[in-house]
file input-v4.cif (mmCIF, C-alpha atoms and all ligand atoms)
data_entry
#
loop_
_atom_site.group_PDB
_atom_site.id
_atom_site.type_symbol
_atom_site.label_atom_id
_atom_site.label_comp_id
_atom_site.auth_asym_id
_atom_site.auth_seq_id
_atom_site.Cartn_x
_atom_site.Cartn_y
_atom_site.Cartn_z
ATOM 1 C CA MET A 1 3.691 -8.764 4.520
ATOM 2 C CA CYS A 2 2.415 -11.876 2.709
ATOM 3 C CA VAL A 3 4.538 -14.159 4.901
ATOM 4 C CA ARG A 4 3.359 -12.403 8.050
ATOM 5 C CA LEU A 5 -0.301 -12.788 6.954
ATOM 6 C CA ALA A 6 0.220 -16.484 6.261
ATOM 7 C CA ARG A 7 1.765 -16.942 9.722
ATOM 8 C CA GLU A 8 -1.296 -15.223 11.203
ATOM 9 C CA GLY A 9 -3.465 -17.930 9.676
ATOM 10 C CA CYS A 10 -4.680 -16.466 6.367
ATOM 11 C CA SER A 11 -5.761 -19.589 4.533
ATOM 12 C CA ARG A 12 -4.380 -18.338 1.219
ATOM 13 C CA VAL A 13 -2.313 -15.316 0.227
ATOM 14 C CA THR A 14 -2.309 -14.154 -3.391
ATOM 15 C CA CYS A 15 0.285 -11.707 -4.630
ATOM 16 C CA LEU A 16 -0.561 -9.737 -7.759
ATOM 17 C CA ASP A 17 2.355 -7.773 -9.159
ATOM 18 C CA VAL A 18 3.370 -6.384 -12.525
ATOM 19 C CA ASP A 19 6.706 -8.086 -11.790
ATOM 20 C CA LEU A 20 5.870 -11.775 -12.236
ATOM 21 C CA GLU A 21 9.210 -13.006 -10.854
ATOM 22 C CA GLY A 22 8.756 -10.883 -7.738
ATOM 23 C CA ALA A 23 5.231 -12.222 -7.217
ATOM 24 C CA ARG A 24 6.471 -15.795 -7.700
ATOM 25 C CA GLU A 25 9.266 -15.270 -5.172
ATOM 26 C CA THR A 26 6.790 -13.857 -2.664
ATOM 27 C CA ALA A 27 4.545 -16.891 -3.121
ATOM 28 C CA ARG A 28 7.566 -19.175 -2.674
ATOM 29 C CA LEU A 29 8.456 -17.437 0.602
ATOM 30 C CA VAL A 30 4.874 -17.834 1.857
ATOM 31 C CA GLU A 31 4.899 -21.540 1.081
ATOM 32 C CA ALA A 32 8.336 -21.943 2.664
ATOM 33 C CA ALA A 33 6.821 -20.412 5.804
ATOM 34 C CA GLY A 34 4.058 -23.054 5.754
ATOM 35 C CA GLY A 35 1.309 -20.996 4.080
ATOM 36 C CA ARG A 36 -0.712 -21.420 0.884
ATOM 37 C CA ALA A 37 0.012 -18.901 -1.798
ATOM 38 C CA GLY A 38 -0.936 -17.875 -5.293
ATOM 39 C CA HIS A 39 0.643 -15.343 -7.586
ATOM 40 C CA ALA A 40 -0.068 -13.701 -10.911
ATOM 41 C CA LYS A 41 1.202 -10.957 -13.144
ATOM 42 C CA CYS A 42 -1.141 -7.995 -12.956
ATOM 43 C CA ASP A 43 -0.865 -4.317 -13.710
ATOM 44 C CA VAL A 44 -3.116 -2.844 -11.026
ATOM 45 C CA THR A 45 -3.790 0.215 -13.157
ATOM 46 C CA ARG A 46 -5.571 -2.074 -15.650
ATOM 47 C CA ARG A 47 -9.197 -2.655 -14.642
ATOM 48 C CA ASP A 48 -9.600 -5.356 -17.298
ATOM 49 C CA GLN A 49 -6.681 -7.407 -15.919
ATOM 50 C CA LEU A 50 -7.917 -7.007 -12.356
ATOM 51 C CA ALA A 51 -11.455 -8.058 -13.242
ATOM 52 C CA SER A 52 -10.399 -11.212 -15.057
ATOM 53 C CA LEU A 53 -7.901 -12.216 -12.340
ATOM 54 C CA LEU A 54 -10.256 -11.551 -9.455
ATOM 55 C CA SER A 55 -13.002 -13.588 -11.119
ATOM 56 C CA SER A 56 -10.653 -16.567 -11.128
ATOM 57 C CA LEU A 57 -9.611 -16.220 -7.474
ATOM 58 C CA PRO A 58 -11.346 -17.194 -4.230
ATOM 59 C CA PRO A 59 -13.187 -14.249 -2.590
ATOM 60 C CA VAL A 60 -10.906 -11.660 -1.006
ATOM 61 C CA ASP A 61 -11.213 -11.162 2.766
ATOM 62 C CA VAL A 62 -8.263 -8.790 3.172
ATOM 63 C CA LEU A 63 -7.193 -6.486 0.348
ATOM 64 C CA ILE A 64 -3.789 -4.850 0.743
ATOM 65 C CA ASN A 65 -2.981 -2.164 -1.807
ATOM 66 C CA ASN A 66 0.795 -2.052 -1.598
ATOM 67 C CA ALA A 67 1.952 -1.336 -5.158
ATOM 68 C CA GLY A 68 3.604 2.043 -5.356
ATOM 69 C CA ILE A 69 6.106 3.911 -7.507
ATOM 70 C CA VAL A 70 8.120 7.076 -7.015
ATOM 71 C CA SER A 71 9.929 9.280 -9.505
ATOM 72 C CA GLY A 72 11.648 12.100 -7.708
ATOM 73 C CA ALA A 73 12.656 15.242 -9.552
ATOM 74 C CA PRO A 74 12.083 18.987 -9.440
ATOM 75 C CA ILE A 75 8.581 19.876 -10.611
ATOM 76 C CA LEU A 76 9.802 21.127 -14.009
ATOM 77 C CA GLN A 77 11.910 18.018 -14.642
ATOM 78 C CA VAL A 78 9.522 15.225 -13.730
ATOM 79 C CA THR A 79 7.859 14.083 -16.963
ATOM 80 C CA ASP A 80 4.126 14.059 -17.720
ATOM 81 C CA GLU A 81 4.352 10.289 -18.119
ATOM 82 C CA GLN A 82 5.975 9.858 -14.696
ATOM 83 C CA ILE A 83 3.260 11.986 -13.098
ATOM 84 C CA ASP A 84 0.509 9.994 -14.846
ATOM 85 C CA ASN A 85 2.114 6.696 -13.798
ATOM 86 C CA MET A 86 2.376 7.724 -10.145
ATOM 87 C CA ILE A 87 -1.260 8.832 -10.121
ATOM 88 C CA GLY A 88 -2.231 5.579 -11.856
ATOM 89 C CA VAL A 89 -0.438 3.207 -9.485
ATOM 90 C CA ASN A 90 -0.450 5.118 -6.186
ATOM 91 C CA LEU A 91 -4.005 6.443 -6.374
ATOM 92 C CA MET A 92 -6.248 5.184 -9.186
ATOM 93 C CA ALA A 93 -5.321 1.523 -8.693
ATOM 94 C CA HIS A 94 -6.685 1.737 -5.134
ATOM 95 C CA PHE A 95 -10.067 2.755 -6.557
ATOM 96 C CA HIS A 96 -9.932 -0.065 -9.112
ATOM 97 C CA THR A 97 -9.093 -2.824 -6.620
ATOM 98 C CA ILE A 98 -11.467 -1.584 -3.920
ATOM 99 C CA ARG A 99 -14.375 -1.247 -6.341
ATOM 100 C CA ALA A 100 -13.575 -4.713 -7.697
ATOM 101 C CA VAL A 101 -13.579 -6.561 -4.347
ATOM 102 C CA LEU A 102 -16.033 -4.558 -2.219
ATOM 103 C CA PRO A 103 -19.264 -5.981 -3.706
ATOM 104 C CA SER A 104 -18.180 -9.506 -2.791
ATOM 105 C CA MET A 105 -17.065 -8.408 0.695
ATOM 106 C CA LEU A 106 -20.486 -6.828 1.269
ATOM 107 C CA LYS A 107 -22.270 -9.925 0.009
ATOM 108 C CA ARG A 108 -20.254 -12.131 2.362
ATOM 109 C CA GLY A 109 -20.686 -9.754 5.291
ATOM 110 C CA GLY A 110 -17.097 -8.752 6.065
ATOM 111 C CA GLY A 111 -13.712 -7.690 4.843
ATOM 112 C CA HIS A 112 -10.732 -5.468 5.508
ATOM 113 C CA ILE A 113 -9.259 -2.956 3.056
ATOM 114 C CA VAL A 114 -5.701 -1.744 3.658
ATOM 115 C CA GLY A 115 -3.940 1.041 1.795
ATOM 116 C CA ILE A 116 -0.174 1.445 2.019
ATOM 117 C CA SER A 117 0.283 5.206 1.935
ATOM 118 C CA SER A 118 3.385 6.913 3.315
ATOM 119 C CA ALA A 119 4.681 9.309 5.930
ATOM 120 C CA ALA A 120 4.879 11.587 2.874
ATOM 121 C CA ALA A 121 1.130 12.036 3.325
ATOM 122 C CA PHE A 122 1.708 14.031 6.522
ATOM 123 C CA THR A 123 4.666 16.137 5.561
ATOM 124 C CA ALA A 124 6.515 17.888 2.752
ATOM 125 C CA ALA A 125 9.829 17.306 1.017
ATOM 126 C CA ALA A 126 11.598 18.686 -2.019
ATOM 127 C CA ASN A 127 11.401 16.944 -5.401
ATOM 128 C CA ILE A 128 8.530 14.583 -4.651
ATOM 129 C CA ALA A 129 5.497 16.793 -5.318
ATOM 130 C CA PRO A 130 3.619 14.257 -7.523
ATOM 131 C CA TYR A 131 4.397 11.328 -5.200
ATOM 132 C CA ALA A 132 3.330 13.330 -2.141
ATOM 133 C CA ALA A 133 0.166 14.396 -3.975
ATOM 134 C CA THR A 134 -0.773 10.752 -4.612
ATOM 135 C CA LYS A 135 -0.123 9.788 -0.994
ATOM 136 C CA TYR A 136 -2.118 12.744 0.388
ATOM 137 C CA ALA A 137 -4.906 11.849 -2.045
ATOM 138 C CA VAL A 138 -5.019 8.157 -1.277
ATOM 139 C CA THR A 139 -5.002 8.973 2.431
ATOM 140 C CA GLY A 140 -8.037 11.250 2.034
ATOM 141 C CA MET A 141 -9.762 8.557 0.020
ATOM 142 C CA MET A 142 -9.049 5.894 2.656
ATOM 143 C CA TYR A 143 -10.220 8.052 5.575
ATOM 144 C CA SER A 144 -13.423 8.928 3.720
ATOM 145 C CA LEU A 145 -13.957 5.284 2.822
ATOM 146 C CA ARG A 146 -13.493 4.302 6.465
ATOM 147 C CA GLU A 147 -16.175 6.791 7.485
ATOM 148 C CA GLU A 148 -18.499 5.583 4.728
ATOM 149 C CA MET A 149 -18.064 1.983 5.849
ATOM 150 C CA ARG A 150 -18.397 2.862 9.542
ATOM 151 C CA LYS A 151 -21.712 4.571 8.814
ATOM 152 C CA PHE A 152 -23.280 2.250 6.236
ATOM 153 C CA HIS A 153 -21.331 -1.049 6.303
ATOM 154 C CA PRO A 154 -19.598 -1.456 9.672
ATOM 155 C CA GLU A 155 -18.693 -5.031 8.792
ATOM 156 C CA ILE A 156 -16.070 -3.642 6.379
ATOM 157 C CA LYS A 157 -12.893 -2.348 8.042
ATOM 158 C CA VAL A 158 -10.441 0.157 6.553
ATOM 159 C CA THR A 159 -6.823 0.824 7.567
ATOM 160 C CA SER A 160 -4.325 3.320 6.187
ATOM 161 C CA VAL A 161 -0.593 2.605 6.688
ATOM 162 C CA HIS A 162 2.103 5.298 6.690
ATOM 163 C CA PRO A 163 5.679 4.058 6.756
ATOM 164 C CA PHE A 164 8.729 6.282 6.962
ATOM 165 C CA PHE A 165 11.646 5.319 4.634
ATOM 166 C CA ILE A 166 11.674 1.541 4.416
ATOM 167 C CA SER A 167 14.883 1.146 2.504
ATOM 168 C CA PRO A 168 17.575 3.521 1.286
ATOM 169 C CA PRO A 169 15.572 6.111 -0.642
ATOM 170 C CA PRO A 170 16.305 7.011 -4.247
ATOM 171 C CA HIS A 171 18.652 9.887 -5.052
ATOM 172 C CA CYS A 172 15.687 12.218 -5.421
ATOM 173 C CA LEU A 173 14.983 12.073 -1.715
ATOM 174 C CA GLU A 174 18.478 13.117 -0.626
ATOM 175 C CA HIS A 175 17.211 16.504 0.473
ATOM 176 C CA TRP A 176 14.857 14.955 2.973
ATOM 177 C CA GLN A 177 17.291 12.228 3.968
ATOM 178 C CA LYS A 178 19.938 14.787 4.907
ATOM 179 C CA LYS A 179 17.488 16.656 7.078
ATOM 180 C CA SER A 180 16.195 13.546 8.774
ATOM 181 C CA ARG A 181 17.657 12.057 11.925
ATOM 182 C CA ILE A 182 14.971 9.423 12.035
ATOM 183 C CA PRO A 183 16.330 5.975 11.186
ATOM 184 C CA ASP A 184 14.839 3.959 8.317
ATOM 185 C CA VAL A 185 12.318 1.305 9.256
ATOM 186 C CA SER A 186 12.543 -2.302 8.095
ATOM 187 C CA ALA A 187 10.026 -3.984 5.799
ATOM 188 C CA THR A 188 9.484 -6.550 8.557
ATOM 189 C CA GLU A 189 8.558 -3.826 11.027
ATOM 190 C CA VAL A 190 6.091 -2.314 8.545
ATOM 191 C CA ALA A 191 4.565 -5.753 7.911
ATOM 192 C CA ASP A 192 4.273 -6.482 11.652
ATOM 193 C CA LYS A 193 2.632 -3.132 12.391
ATOM 194 C CA THR A 194 0.297 -3.455 9.413
ATOM 195 C CA VAL A 195 -0.922 -6.894 10.482
ATOM 196 C CA GLU A 196 -1.320 -5.664 14.071
ATOM 197 C CA GLY A 197 -3.305 -2.697 12.673
ATOM 198 C CA ILE A 198 -5.584 -5.063 10.757
ATOM 199 C CA LYS A 199 -6.174 -7.235 13.834
ATOM 200 C CA ARG A 200 -6.946 -4.204 16.004
ATOM 201 C CA ASN A 201 -8.940 -2.441 13.273
ATOM 202 C CA LYS A 202 -6.825 0.699 13.462
ATOM 203 C CA ALA A 203 -7.716 3.634 11.203
ATOM 204 C CA THR A 204 -4.077 4.704 10.940
ATOM 205 C CA VAL A 205 -0.801 2.857 11.325
ATOM 206 C CA VAL A 206 2.337 5.011 11.316
ATOM 207 C CA VAL A 207 5.746 3.310 11.354
ATOM 208 C CA PRO A 208 7.517 4.300 13.532
ATOM 209 C CA SER A 209 4.459 5.265 15.577
ATOM 210 C CA TYR A 210 6.067 8.284 17.300
ATOM 211 C CA LEU A 211 6.478 9.903 13.885
ATOM 212 C CA TYR A 212 2.791 10.746 13.641
ATOM 213 C CA HIS A 213 2.935 12.983 16.714
ATOM 214 C CA LEU A 214 6.200 14.582 15.559
ATOM 215 C CA LEU A 215 4.808 15.418 12.128
ATOM 216 C CA VAL A 216 1.562 16.812 13.476
ATOM 217 C CA LEU A 217 3.594 19.101 15.750
ATOM 218 C CA LEU A 218 5.917 20.198 12.934
ATOM 219 C CA MET A 219 3.353 20.884 10.204
HETATM 220 N N1 LIG A 301 10.368 2.320 0.391
HETATM 221 C C1 LIG A 301 10.014 3.330 1.173
HETATM 222 O O1 LIG A 301 10.860 4.021 1.766
HETATM 223 C C2 LIG A 301 8.550 3.656 1.372
HETATM 224 C C3 LIG A 301 8.194 4.594 2.356
HETATM 225 C C4 LIG A 301 6.860 4.887 2.560
HETATM 226 C C5 LIG A 301 5.874 4.245 1.808
HETATM 227 N N2 LIG A 301 6.242 3.344 0.866
HETATM 228 C C6 LIG A 301 5.163 2.701 0.096
HETATM 229 O O2 LIG A 301 5.197 1.320 0.377
HETATM 230 C C7 LIG A 301 4.714 0.595 -0.757
HETATM 231 C C8 LIG A 301 5.732 -0.462 -1.130
HETATM 232 O O3 LIG A 301 6.935 0.214 -1.459
HETATM 233 P P1 LIG A 301 8.360 -0.492 -1.559
HETATM 234 O O4 LIG A 301 9.378 0.478 -1.160
HETATM 235 O O5 LIG A 301 8.285 -1.837 -0.902
HETATM 236 O O6 LIG A 301 8.448 -0.610 -3.124
HETATM 237 P P2 LIG A 301 8.851 -1.844 -4.040
HETATM 238 O O7 LIG A 301 9.226 -1.257 -5.360
HETATM 239 O O8 LIG A 301 9.801 -2.754 -3.360
HETATM 240 O O9 LIG A 301 7.449 -2.574 -4.140
HETATM 241 C C9 LIG A 301 6.399 -2.055 -4.899
HETATM 242 C C10 LIG A 301 5.826 -3.179 -5.739
HETATM 243 O O10 LIG A 301 4.798 -2.619 -6.548
HETATM 244 C C11 LIG A 301 4.870 -3.265 -7.789
HETATM 245 N N3 LIG A 301 4.210 -2.461 -8.795
HETATM 246 C C12 LIG A 301 4.613 -1.269 -9.305
HETATM 247 N N4 LIG A 301 3.757 -0.860 -10.252
HETATM 248 C C13 LIG A 301 2.787 -1.813 -10.345
HETATM 249 C C14 LIG A 301 1.629 -1.971 -11.147
HETATM 250 N N5 LIG A 301 1.277 -1.052 -12.061
HETATM 251 N N6 LIG A 301 0.855 -3.074 -10.967
HETATM 252 C C15 LIG A 301 1.203 -4.021 -10.058
HETATM 253 N N7 LIG A 301 2.297 -3.917 -9.271
HETATM 254 C C16 LIG A 301 3.075 -2.834 -9.424
HETATM 255 C C17 LIG A 301 6.368 -3.417 -8.060
HETATM 256 O O11 LIG A 301 6.627 -4.381 -9.059
HETATM 257 C C18 LIG A 301 6.868 -3.808 -6.693
HETATM 258 O O12 LIG A 301 6.882 -5.200 -6.506
HETATM 259 C C19 LIG A 301 4.477 1.636 -1.853
HETATM 260 O O13 LIG A 301 3.120 1.980 -1.904
HETATM 261 C C20 LIG A 301 5.324 2.816 -1.405
HETATM 262 O O14 LIG A 301 4.844 4.047 -1.903
HETATM 263 C C21 LIG A 301 7.552 3.030 0.623
#
call {"tool": "encode", "arguments": {"input": "input-v4.cif", "output": "structure tokens", "more": "lines below"}}
Ligand SMILES: NC(=O)c1ccc[n+]([C@@H]2O[C@H](COP(=O)([O-])OP(=O)(O)OC[C@H]3O[C@@H](n4cnc5c(N)ncnc54)[C@H](O)[C@@H]3O)[C@@H](O)[C@H]2O)c1
result
Amino acid sequence: MCVRLAREGCSRVTCLDVDLEGARETARLVEAAGGRAGHAKCDVTRRDQLASLLSSLPPVDVLINNAGIVSGAPILQVTDEQIDNMIGVNLMAHFHTIRAVLPSMLKRGGGHIVGISSAAAFTAAANIAPYAATKYAVTGMMYSLREEMRKFHPEIKVTSVHPFFISPPPHCLEHWQKKSRIPDVSATEVADKTVEGIKRNKATVVVPSYLYHLLVLLM
């Protein structure tokens, strides 16, 4: 995603990740592709870390909330800590980052906020109740935010992205995997569709796109 944004002409891409090595590698890939990149270790569930990092960075024009975690298990086996962590990263962190960058976007008269949700926000599968709950929740938040911006701050754009399985899913998703005849999508395809969605100011990006219609029919 970062490389794709750099190729589209973003003057600087900054990757914040709790995994410093991963963030550094992403920045290296962006620079290898001819872009300018920054990286930093950041736990997006920590408002204090976000605030201090964002104050040291150039203003954000495009915010992409991509961090996400999944712990799949039957509802009685998933731990309280795993549930709290999924809610923290997959939902609450979106509030933290959006509320941190929006004032500056409004002051500068523009910006685009992107939330990476999931196809899990339109469907149901065994053993992922907390993960699905976070993705349904973040989707509702993003759609409401888009309406709020459309009404009061139309210069701020909002896009929600819903990929199907990007890579071989963890063992917890076997139930769904066995039922599914839909092939996995690649990270490159998700990145391409996300950037296209930003450029065209789409409310919803589903990858693959036909999945949205299938899921609406099935639910
Ligand atoms: N992989 C899939 O099949 C799939 C399908 C649909 C949606 N998604 C969503 O796409 C997004 C990316 O998923 P992925 O499969 O590329 O996962 P990934 O694990 O490869 O990437 C997620 C990144 O988030 C980072 N992260 C986790 N917790 C963090 C925290 N507290 N603070 C900062 N960074 C943190 C991780 O270090 C990692 O680099 C997630 O939101 C995920 O829910 C994934």
call {"tool": "atom_distance", "arguments": {"input": "input-v4.cif", "atom1": "atom CA of Thr204 of chain A", "atom2": "atom CA of Thr159 of chain A"}}
result
5.8 Å
call {"tool": "residues_near_ligand", "arguments": {"input": "input-v4.cif", "ligand": "ligand LIG 301 (chain A)", "cutoff": "6 Å", "atoms": "all atoms listed in the file", "output": "PyMOL selection string"}}
result
chain A and resi 17-19+42-45+66-69+89+116-119+163-167+169
call {"tool": "atom_distance", "arguments": {"input": "input-v4.cif", "atom1": "atom CA of Ile156 of chain A", "atom2": "atom CA of Tyr210 of chain A"}}
result
27.4 Å
call {"tool": "closest_residue", "arguments": {"input": "input-v4.cif", "among": "A:Thr97, A:Ser186, A:Asn90, A:Thr14", "to": "Thr134 of chain A", "atoms": "only C-alpha atoms"}}
result
A:Asn90
call {"tool": "residues_around", "arguments": {"input": "input-v4.cif", "residues": "segment 32-35 of chain A", "least_positions_apart": "5", "cutoff": "7 Å", "atoms": "only C-alpha atoms", "output": "list in words"}}
result
Val3, Ala6, Arg7 and Arg12 of chain A
call {"tool": "resolve_selection", "arguments": {"input": "input-v4.cif", "expression": "the PyMOL selection byres (((chain A and resi 50) around 12) and not hetatm)", "output": "JSON, numbers by chain"}}
result
{"A": [16, 17, 18, 40, 41, 42, 43, 44, 45, 46, 47, 48, 49, 51, 52, 53, 54, 55, 56, 57, 93, 94, 95, 96, 97, 98, 99, 100, 101]}
call {"tool": "axis_aligned_box", "arguments": {"input": "input-v4.cif", "around": "segment 42-45 of chain A", "padding_each_side": "6 Å", "output": "lines of an AutoDock Vina configuration file"}}
result
center_x = -2.3
center_y = -3.9
center_z = -12.4
size_x = 14.9
size_y = 20.2
size_z = 14.7
call {"tool": "closest_residue", "arguments": {"input": "input-v4.cif", "among": "A:Ile75, A:Leu5, A:Val190, A:Leu145", "to": "Ala126 of chain A", "atoms": "all atoms listed in the file"}}
result
A:Ile75
call {"tool": "closest_residue", "arguments": {"input": "input-v4.cif", "among": "A:Leu91, A:Ile83, A:Met105, A:Val158", "to": "Ala129 of chain A", "atoms": "all atoms listed in the file"}}
result
A:Ile83
call {"tool": "closest_residue", "arguments": {"input": "input-v4.cif", "among": "A:Lys151, A:Arg146, A:Lys157, A:His39", "to": "Gly111 of chain A", "atoms": "only C-alpha atoms"}}
result
A:Lys157
call {"tool": "residues_near_point", "arguments": {"input": "input-v4.cif", "point": "(9.1, 14.8, -10.4)", "cutoff": "8 Å", "atoms": "all atoms listed in the file", "output": "list in words"}}
result
Ser71, Gly72, Ala73, Pro74, Ile75, Leu76, Gln77, Val78, Thr79, Gln82, Ile83, Asn127, Ile128, Ala129, Pro130 and Tyr131 of chain A
call {"tool": "write_last_selection", "arguments": {"input": "input-v4.cif", "atoms": "C-alpha atoms", "output": "mmCIF file, keeping the file's coordinate frame"}}
result
data_model
loop_
_atom_site.group_PDB
_atom_site.id
_atom_site.type_symbol
_atom_site.label_atom_id
_atom_site.label_comp_id
_atom_site.auth_asym_id
_atom_site.auth_seq_id
_atom_site.Cartn_x
_atom_site.Cartn_y
_atom_site.Cartn_z
ATOM 1 C CA SER A 71 9.929 9.280 -9.505
ATOM 2 C CA GLY A 72 11.648 12.100 -7.708
ATOM 3 C CA ALA A 73 12.656 15.242 -9.552
ATOM 4 C CA PRO A 74 12.083 18.987 -9.440
ATOM 5 C CA ILE A 75 8.581 19.876 -10.611
ATOM 6 C CA LEU A 76 9.802 21.127 -14.009
ATOM 7 C CA GLN A 77 11.910 18.018 -14.642
ATOM 8 C CA VAL A 78 9.522 15.225 -13.730
ATOM 9 C CA THR A 79 7.859 14.083 -16.963
ATOM 10 C CA GLN A 82 5.975 9.858 -14.696
ATOM 11 C CA ILE A 83 3.260 11.986 -13.098
ATOM 12 C CA ASN A 127 11.401 16.944 -5.401
ATOM 13 C CA ILE A 128 8.530 14.583 -4.651
ATOM 14 C CA ALA A 129 5.497 16.793 -5.318
ATOM 15 C CA PRO A 130 3.619 14.257 -7.523
ATOM 16 C CA TYR A 131 4.397 11.328 -5.200
#
call {"tool": "atom_distance", "arguments": {"input": "input-v4.cif", "atom1": "atom CA of Arg36 of chain A", "atom2": "atom CA of Asn201 of chain A"}}
result
24.1 Å
call {"tool": "resolve_selection", "arguments": {"input": "input-v4.cif", "expression": "the PyMOL selection byres (((chain A and resi 143) around 12) and not hetatm)", "output": "ChimeraX atom specification"}}
result
/A:113-115,117,136-142,144-150,157-161,202-204
call {"tool": "closest_residue", "arguments": {"input": "input-v4.cif", "among": "A:Gly9, A:Gly110, A:Pro183, A:Gly38", "to": "Glu155 of chain A", "atoms": "only C-alpha atoms"}}
result
A:Gly110
call {"tool": "resolve_selection", "arguments": {"input": "input-v4.cif", "expression": "the PyMOL selection byres (((chain A and resi 192) around 12) and not hetatm)", "output": "list in words"}}
result
Met1, Cys2, Val3, Arg4, Leu5, Arg7, Glu8, Val161, Pro163, Val185, Ser186, Ala187, Thr188, Glu189, Val190, Ala191, Lys193, Thr194, Val195, Glu196, Gly197, Ile198, Lys199, Val205, Val206, Val207 and Pro208 of chain A
call {"tool": "closest_residue", "arguments": {"input": "input-v4.cif", "among": "A:Val60, A:Cys15, A:Ala133, A:Met86", "to": "Pro103 of chain A", "atoms": "only C-alpha atoms"}}
result
A:Val60
